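With mmCIF, C-alpha atoms inside, this is protein_13.cif:
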```
data_query
loop_
_atom_site.label_atom_id
_atom_site.label_comp_id
_atom_site.auth_asym_id
_atom_site.auth_seq_id
_atom_site.Cartn_x
_atom_site.Cartn_y
_atom_site.Cartn_z
CA MET U 1 -15.95 -32.85 8.16
CA SER U 2 -14.81 -34.00 4.73
CA SER U 3 -18.34 -34.88 3.61
CA LYS U 4 -19.45 -31.32 4.30
CA LEU U 5 -16.77 -29.48 2.38
CA PRO U 6 -16.47 -29.01 -1.40
CA SER U 7 -14.15 -31.25 -3.37
CA LYS U 8 -13.81 -28.60 -6.09
CA THR U 9 -13.37 -24.87 -5.70
CA PRO U 10 -15.05 -22.29 -7.95
CA VAL U 11 -12.52 -20.63 -10.25
CA ALA U 12 -13.50 -17.23 -8.84
CA LEU U 13 -16.49 -15.49 -7.25
CA GLU U 14 -18.75 -15.53 -10.31
CA HIS U 15 -21.91 -16.11 -8.28
CA PHE U 16 -21.11 -13.20 -5.96
CA VAL U 17 -22.33 -9.69 -6.69
CA ARG U 18 -19.40 -7.34 -7.26
CA LEU U 19 -20.31 -4.19 -5.35
CA SER U 20 -17.05 -2.33 -6.10
CA SER U 21 -13.57 -3.04 -7.40
CA SER U 22 -12.75 -4.67 -4.05
CA VAL U 23 -16.02 -5.82 -2.48
CA PHE U 24 -17.90 -9.02 -3.35
CA TYR U 25 -21.21 -10.04 -1.77
CA HIS U 26 -23.10 -13.33 -1.57
CA GLU U 27 -26.75 -13.50 -0.57
CA PRO U 28 -27.67 -17.15 0.16
CA THR U 29 -30.82 -18.79 -1.13
CA ALA U 30 -31.18 -20.89 2.01
CA SER U 31 -32.81 -19.25 5.03
CA LYS U 32 -31.33 -19.66 8.49
CA PRO U 33 -33.23 -22.28 10.53
CA LYS U 34 -34.22 -21.44 14.08
CA LEU U 35 -31.53 -22.34 16.62
CA SER U 36 -29.04 -22.76 13.77
CA PRO U 37 -25.33 -22.59 14.75
CA SER U 38 -24.59 -20.74 11.51
CA PRO U 39 -23.24 -17.18 11.53
CA ASP U 40 -25.49 -14.56 9.98
CA LEU U 41 -22.56 -13.03 8.13
CA VAL U 42 -19.07 -14.20 7.20
CA PHE U 43 -16.68 -11.30 6.59
CA ILE U 44 -13.46 -12.19 4.71
CA THR U 45 -10.55 -9.93 3.80
CA GLY U 46 -7.76 -11.40 1.71
CA TRP U 47 -4.01 -11.03 1.90
CA MET U 48 -2.32 -8.32 -0.15
CA ASP U 49 -2.89 -8.91 -3.88
CA ALA U 50 -4.99 -12.03 -3.29
CA SER U 51 -7.35 -12.49 -6.24
CA PRO U 52 -11.03 -13.47 -6.21
CA ARG U 53 -9.83 -16.91 -7.33
CA ASN U 54 -7.67 -17.14 -4.20
CA LEU U 55 -10.53 -16.16 -1.90
CA ALA U 56 -12.93 -18.58 -3.59
CA LYS U 57 -11.19 -21.47 -1.83
CA TYR U 58 -12.40 -20.03 1.46
CA THR U 59 -15.81 -18.73 0.45
CA ALA U 60 -16.62 -22.16 -1.00
CA GLY U 61 -15.87 -23.76 2.34
CA TYR U 62 -18.06 -21.28 4.17
CA GLU U 63 -20.91 -21.72 1.70
CA THR U 64 -20.85 -25.44 2.40
CA LEU U 65 -20.41 -25.23 6.16
CA TYR U 66 -22.90 -22.40 6.66
CA PRO U 67 -25.22 -22.27 3.62
CA SER U 68 -27.55 -19.69 5.18
CA ALA U 69 -24.78 -17.18 5.94
CA ARG U 70 -24.30 -14.04 3.91
CA ILE U 71 -20.69 -13.48 2.83
CA ILE U 72 -18.71 -10.31 2.23
CA ALA U 73 -15.28 -10.78 0.63
CA ILE U 74 -12.85 -7.90 0.20
CA THR U 75 -9.65 -7.87 -1.83
CA THR U 76 -6.74 -5.54 -1.09
CA THR U 77 -3.87 -4.68 -3.42
CA SER U 78 -0.41 -3.43 -2.54
CA ILE U 79 -1.37 -0.17 -4.25
CA ASP U 80 -4.40 0.17 -1.95
CA ALA U 81 -2.25 -0.21 1.15
CA ALA U 82 0.86 1.70 0.09
CA PHE U 83 -0.32 4.50 -2.20
CA LEU U 84 -4.05 5.24 -2.01
CA SER U 85 -5.27 7.99 0.31
CA HIS U 86 -7.35 7.25 3.39
CA SER U 87 -10.43 8.79 1.78
CA THR U 88 -10.00 6.68 -1.36
CA ASN U 89 -9.74 3.51 0.71
CA ILE U 90 -12.88 4.49 2.63
CA LYS U 91 -14.70 4.75 -0.71
CA ARG U 92 -13.25 1.38 -1.73
CA ILE U 93 -14.86 -0.39 1.24
CA LYS U 94 -18.09 1.67 1.31
CA PRO U 95 -20.36 -1.10 -0.07
CA ALA U 96 -19.23 -3.39 2.75
CA MET U 97 -19.78 -0.65 5.31
CA ASP U 98 -23.30 -0.05 4.03
CA ILE U 99 -24.12 -3.68 4.81
CA LEU U 100 -22.43 -3.65 8.22
CA PHE U 101 -24.23 -0.47 9.27
CA THR U 102 -27.62 -2.13 8.69
CA LEU U 103 -26.93 -5.33 10.64
CA PRO U 104 -29.45 -6.02 13.43
CA PRO U 105 -27.92 -5.81 16.93
CA SER U 106 -28.33 -9.57 17.44
CA SER U 107 -26.38 -10.52 14.28
CA GLU U 108 -23.64 -13.12 14.63
CA VAL U 109 -20.60 -12.24 12.53
CA LEU U 110 -17.57 -14.42 11.79
CA VAL U 111 -14.57 -12.34 10.70
CA HIS U 112 -11.73 -14.07 8.85
CA PHE U 113 -8.70 -12.23 7.51
CA PHE U 114 -5.28 -13.01 6.08
CA SER U 115 -1.81 -11.50 6.48
CA VAL U 116 -1.14 -7.78 6.78
CA GLY U 117 -3.37 -6.89 3.83
CA GLY U 118 -6.45 -8.48 5.33
CA ALA U 119 -5.65 -7.34 8.87
CA TRP U 120 -5.11 -3.75 7.73
CA THR U 121 -8.35 -3.66 5.72
CA THR U 122 -10.28 -5.21 8.62
CA CYS U 123 -8.92 -2.53 10.95
CA LEU U 124 -9.91 0.14 8.43
CA VAL U 125 -13.44 -1.31 8.43
CA ALA U 126 -13.52 -1.40 12.24
CA LYS U 127 -12.32 2.20 12.54
CA THR U 128 -14.88 3.37 9.99
CA TYR U 129 -17.61 1.50 11.84
CA ARG U 130 -16.52 3.03 15.15
CA ALA U 131 -16.41 6.55 13.68
CA LYS U 132 -20.07 6.34 12.65
CA THR U 133 -21.61 4.22 15.41
CA GLY U 134 -19.36 4.82 18.41
CA ARG U 135 -19.14 1.03 18.87
CA PRO U 136 -16.60 -1.71 18.08
CA LEU U 137 -17.08 -3.75 14.93
CA PRO U 138 -19.75 -6.40 15.66
CA VAL U 139 -17.63 -9.54 15.78
CA THR U 140 -18.77 -12.84 17.29
CA GLY U 141 -15.61 -14.77 16.43
CA MET U 142 -12.40 -13.95 14.58
CA VAL U 143 -9.92 -16.02 12.55
CA LEU U 144 -6.47 -14.51 12.01
CA ASP U 145 -4.54 -16.35 9.29
CA SER U 146 -0.77 -15.68 9.05
CA THR U 147 -0.96 -12.37 10.91
CA PRO U 148 0.08 -10.05 12.46
CA GLY U 149 3.79 -9.68 11.85
CA ARG U 150 6.26 -6.83 12.16
CA VAL U 151 8.05 -4.69 9.61
CA LYS U 152 11.29 -6.40 8.67
CA TYR U 153 13.15 -5.69 5.44
CA ALA U 154 13.40 -9.23 4.02
CA SER U 155 9.89 -10.37 4.91
CA THR U 156 8.29 -7.13 3.71
CA ILE U 157 10.05 -7.36 0.35
CA ARG U 158 8.88 -10.97 0.00
CA ALA U 159 5.31 -9.92 0.77
CA PHE U 160 5.27 -7.25 -1.96
CA ALA U 161 7.13 -9.55 -4.38
CA VAL U 162 4.00 -11.70 -4.72
CA ALA U 163 2.64 -9.15 -7.20
CA LEU U 164 5.83 -8.73 -9.26
CA PRO U 165 5.49 -9.16 -13.04
CA LYS U 166 6.76 -12.41 -14.55
CA HIS U 167 8.87 -10.77 -17.26
CA PRO U 168 12.49 -10.90 -16.01
CA VAL U 169 13.37 -7.28 -16.89
CA LEU U 170 10.14 -5.85 -15.48
CA ASN U 171 10.54 -8.09 -12.45
CA ALA U 172 14.03 -6.78 -11.74
CA LEU U 173 13.06 -3.13 -12.22
CA THR U 174 9.96 -3.47 -10.05
CA SER U 175 11.94 -5.31 -7.38
CA ILE U 176 14.45 -2.44 -7.22
CA GLY U 177 11.57 0.03 -7.00
CA ILE U 178 10.01 -1.87 -4.10
CA ARG U 179 13.29 -1.79 -2.18
CA ILE U 180 13.68 1.94 -2.70
CA MET U 181 10.06 2.52 -1.65
CA PHE U 182 10.58 0.45 1.49
CA PHE U 183 13.38 2.69 2.74
CA LEU U 184 11.48 5.86 1.79
CA TYR U 185 8.41 4.46 3.57
CA MET U 186 10.32 3.70 6.78
CA PHE U 187 12.09 7.05 6.65
CA ALA U 188 8.77 8.88 6.31
CA TYR U 189 7.34 7.11 9.36
CA TRP U 190 10.54 7.77 11.32
CA ILE U 191 10.37 11.49 10.51
CA SER U 192 6.66 11.70 11.39
CA GLY U 193 7.05 9.79 14.65
CA LYS U 194 4.04 7.65 13.75
CA LEU U 195 3.75 3.87 13.87
CA ASP U 196 4.30 2.13 10.54
CA LEU U 197 1.32 0.42 8.89
CA ILE U 198 2.04 -3.03 10.33
CA ALA U 199 2.80 -1.79 13.84
CA GLN U 200 -0.37 0.30 13.79
CA THR U 201 -2.37 -2.70 12.62
CA ARG U 202 -0.96 -4.83 15.45
CA ALA U 203 -2.04 -2.17 17.93
CA ASP U 204 -5.48 -1.68 16.37
CA LEU U 205 -6.28 -5.40 16.54
CA ASN U 206 -5.88 -5.26 20.31
CA ASP U 207 -7.74 -1.98 20.73
CA GLY U 208 -11.08 -2.45 22.47
CA ARG U 209 -12.49 0.59 20.71
CA TYR U 210 -12.42 -1.35 17.45
CA PHE U 211 -12.63 -5.02 18.50
CA GLY U 212 -14.44 -5.98 21.68
CA VAL U 213 -12.79 -8.39 24.10
CA ASP U 214 -15.90 -10.61 24.09
CA ALA U 215 -15.12 -12.06 20.63
CA PRO U 216 -12.87 -15.16 20.80
CA ARG U 217 -9.98 -15.45 18.36
CA MET U 218 -8.31 -18.29 16.48
CA TYR U 219 -4.78 -17.57 15.23
CA ILE U 220 -3.59 -19.90 12.45
CA TYR U 221 0.13 -19.57 11.69
CA SER U 222 3.23 -21.55 10.77
CA GLU U 223 6.88 -22.02 11.67
CA ALA U 224 7.63 -22.22 7.93
CA ASP U 225 6.11 -18.82 7.12
CA ASP U 226 8.85 -16.67 5.56
CA LYS U 227 6.79 -13.47 5.63
CA VAL U 228 5.29 -13.43 9.13
CA ALA U 229 7.39 -15.08 11.84
CA TRP U 230 5.46 -17.34 14.20
CA GLU U 231 7.15 -15.61 17.15
CA TYR U 232 5.51 -12.31 16.19
CA VAL U 233 2.10 -13.96 16.02
CA GLU U 234 2.49 -15.56 19.43
CA GLU U 235 3.72 -12.28 20.84
CA HIS U 236 0.49 -10.66 19.66
CA MET U 237 -1.53 -13.52 21.14
CA ASP U 238 0.12 -12.95 24.52
CA GLU U 239 -0.59 -9.22 24.31
CA ALA U 240 -4.23 -9.94 23.48
CA ARG U 241 -4.62 -12.35 26.41
CA ALA U 242 -3.17 -9.77 28.78
CA LEU U 243 -5.87 -7.35 27.63
CA GLY U 244 -8.66 -9.84 28.28
CA TYR U 245 -9.22 -11.31 24.83
CA VAL U 246 -10.03 -15.02 24.59
CA VAL U 247 -7.29 -16.40 22.36
CA GLU U 248 -6.54 -19.80 20.86
CA GLY U 249 -3.66 -20.59 18.52
CA ASN U 250 -3.02 -23.36 16.02
CA ARG U 251 0.67 -23.46 15.06
CA TRP U 252 1.63 -25.39 11.95
CA VAL U 253 5.09 -26.69 11.03
CA ASP U 254 5.42 -26.84 7.23
CA SER U 255 2.71 -24.64 5.70
CA THR U 256 3.70 -21.47 3.88
CA HIS U 257 2.32 -17.95 4.30
CA CYS U 258 -1.47 -18.11 3.89
CA GLY U 259 -1.00 -21.65 2.59
CA HIS U 260 -2.29 -23.73 5.50
CA LEU U 261 -5.51 -24.77 3.75
CA LEU U 262 -3.49 -26.30 0.92
CA VAL U 263 -1.45 -28.42 3.34
CA ASP U 264 -4.26 -29.82 5.48
CA PHE U 265 -7.80 -29.06 4.34
CA GLU U 266 -9.48 -30.90 7.22
CA ARG U 267 -7.33 -29.39 9.95
CA TYR U 268 -7.85 -25.87 8.64
CA TRP U 269 -11.64 -26.04 8.65
CA LYS U 270 -11.56 -27.77 12.02
CA CYS U 271 -9.87 -24.65 13.38
CA VAL U 272 -12.74 -22.54 12.02
CA THR U 273 -15.56 -24.77 13.23
CA THR U 274 -13.95 -25.19 16.66
CA LEU U 275 -13.90 -21.42 17.03
CA TRP U 276 -17.48 -21.02 15.89
CA GLU U 277 -18.80 -23.85 18.04
CA SER U 278 -17.30 -22.11 21.06
CA VAL U 279 -19.51 -19.08 20.50
CA SER U 280 -22.70 -20.53 18.99
#
```

Please go through the file and, once you have read it, give me the structure as structure tokens.
Amino acid sequence: MSSKLPSKTPVALEHFVRLSSSVFYHEPTASKPKLSPSPDLVFITGWMDASPRNLAKYTAGYETLYPSARIIAITTTSIDAAFLSHSTNIKRIKPAMDILFTLPPSSEVLVHFFSVGGAWTTCLVAKTYRAKTGRPLPVTGMVLDSTPGRVKYASTIRAFAVALPKHPVLNALTSIGIRIMFFLYMFAYWISGKLDLIAQTRADLNDGRYFGVDAPRMYIYSEADDKVAWEYVEEHMDEARALGYVVEGNRWVDSTHCGHLLVDFERYWKCVTTLWESVS
């Protein structure tokens, strides 16, 4: 395993083509050999406010493991999730959708997403795909990193705090603003009678209209995660199993939210390759 993975990570996604403010695309130079276990496409959506530099740690691993795979990487900001309209977000992901719509029926796709930001964007992609094709998103295997959770005041504030400015005065003012927005956000959902964003995402991930039950899943999560409790992840795993999804979980002890790769590089990629070997 270690001999196949990069010892250094690119500082960002410079060798990717930037198709929009959020969508990055990599077309490999290597062709896929016959009978290759490689996916045809790796689809990655980062956690809220993850930068291209953050995602490069994962795309670099995939480029080494599966050099013939195309890669789509999508970033999602807190503004995208909390303030942009549905139509604006559809435009944001359009370049990725254009690629997904043209995939041959036999394509093998590995989907890998992180936290609520990545899960929400992936569900948006799946719903958009379903609206046009009438079919679930074509997923061969799925990796869920540090997701899904539930809306809780403290953990939600911590999740949004990742993007707070460093200046102490701006940090304090923005932090107060986030807390006010949280209560307004929950009040608006309570008045409307609709599920909040995270609850809706939890439901969408287990909705066969968007994600077929034939795609196995690998949940990677941690007891030390202060943003998404491991109990919520395992609860979702149980719900998925009850619906017929093939589910495997890898629970860590001391890794932080979306920080498992930094704690144990080998173990993390073993989770990914184990999943893919089960379907290829």

Exercise. Determine the residue set returned by the PyMOL selection byres ((chain U and resi 125) around 12) for the present structure, and present it as an NGL selection string.
Key: :U and (43-45 or 74 or 86 or 89-101 or 111 or 113 or 118-124 or 126-132 or 136-139 or 201 or 204-205 or 210-211)

Self-check item: Residues selected by the PyMOL selection byres ((chain U and resi 236) around 10), written as an MDAnalysis selection string
Solution: chainID U and resid 147:149 202:203 205:206 219 230:235 237:242

Self-check item: Nearest to Tyr62 (chain U) by atom-to-atom distance, counting all atoms listed in the file, from U:His112, U:Lys32, U:Lys194, U:His15
Solution: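 With all atoms listed in the file as the atom set, the closest residue is U:His112.
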
Quiz prompt | Close residues, His260 (chain U) itself excluded, 9 Å, all atoms listed in the file, min 3 positions apart in chain, as a list in words | solution =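 Here the answer would be Asp145, Ser146, Ile220, Tyr221, Ser222, Trp252, Asp254, Ser255, Thr256, His257, Val263, Asp264, Phe265, Arg267 and Tyr268 of chain U.
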
Practice problem: Between CA of Glu108 (chain U) and CA of Val143 (chain U), measure the distance and give it in Å to one decimal. | Solution: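 Value for the CA of Glu108 (chain U)-CA of Val143 (chain U) distance: 14.2 Å.
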
Practice problem: May I ask for the distance between CA of Tyr25 (chain U) and CA of Lys270 (chain U), given in Å to one decimal place? | Solution: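 Value for the CA of Tyr25 (chain U)-CA of Lys270 (chain U) distance: 24.4 Å.
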
Quiz item: Written as a list in words, what is the full residue list that the PyMOL selection byres ((chain U and resi 41) around 8) yields on the file shown?
Solution: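 Matching residues under the PyMOL selection byres ((chain U and resi 41) around 8) are Pro39, Asp40, Val42, Phe43, Ala69, Arg70, Ile71, Ile72, Ser107, Glu108, Val109 and Leu110 of chain U.
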
Self-check item: Using all atoms listed in the file: which of U:Tyr245, U:Thr133, U:Asp226, U:Phe24 has the shortest distance to Thr102 (chain U)
Solution: U:Thr133

Exercise. Could you check how far CA of Thr59 (chain U) sits from CA of Gly46 (chain U), in Å to one decimal?
Key: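 One can read the CA of Thr59 (chain U) to CA of Gly46 (chain U) distance as 11.0 Å.
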
Practice problem: May I ask which of the residues U:Leu65, U:Ile79, U:Val23, U:Ala60 is the closest one to Pro37 (chain U), counting only C-alpha atoms? | Solution: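 Checking each candidate against Pro37 (chain U), we get U:Leu65 as the closest.
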
Practice problem: For each of U:Pro33, U:Gly259, U:Gly61, U:Pro52, take the minimum atom-to-atom distance to Ser21 (chain U), counting all atoms listed in the file, then give the residue where this is smallest. | Solution: U:Pro52

Quiz item: Which one of U:Thr75, U:Gly244, U:Leu84, U:His26 sits closest to Glu14 (chain U) if you count all atoms listed in the file?
Solution: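 Closest residue, counting all atoms listed in the file: U:His26.
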
Quiz item: Which of these, U:Glu63, U:Glu266, U:Asp207, U:Glu248, has the shortest distance to Arg135 (chain U) once you count all atoms listed in the file?
Solution: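 Between U:Glu63, U:Glu266, U:Asp207, U:Glu248, the residue approaching Arg135 (chain U) most closely is U:Asp207.
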
Would you compute, for all listed atoms of region 240-251 of chain U, the axis-aligned bounding box grown by 5 Å on each side, and then report its centre and edge lengths in Å rounded to one decimal, as JSON?
```
{"center_x": -4.7, "center_y": -15.4, "center_z": 21.9, "size_x": 20.7, "size_y": 26.1, "size_z": 23.7}
```
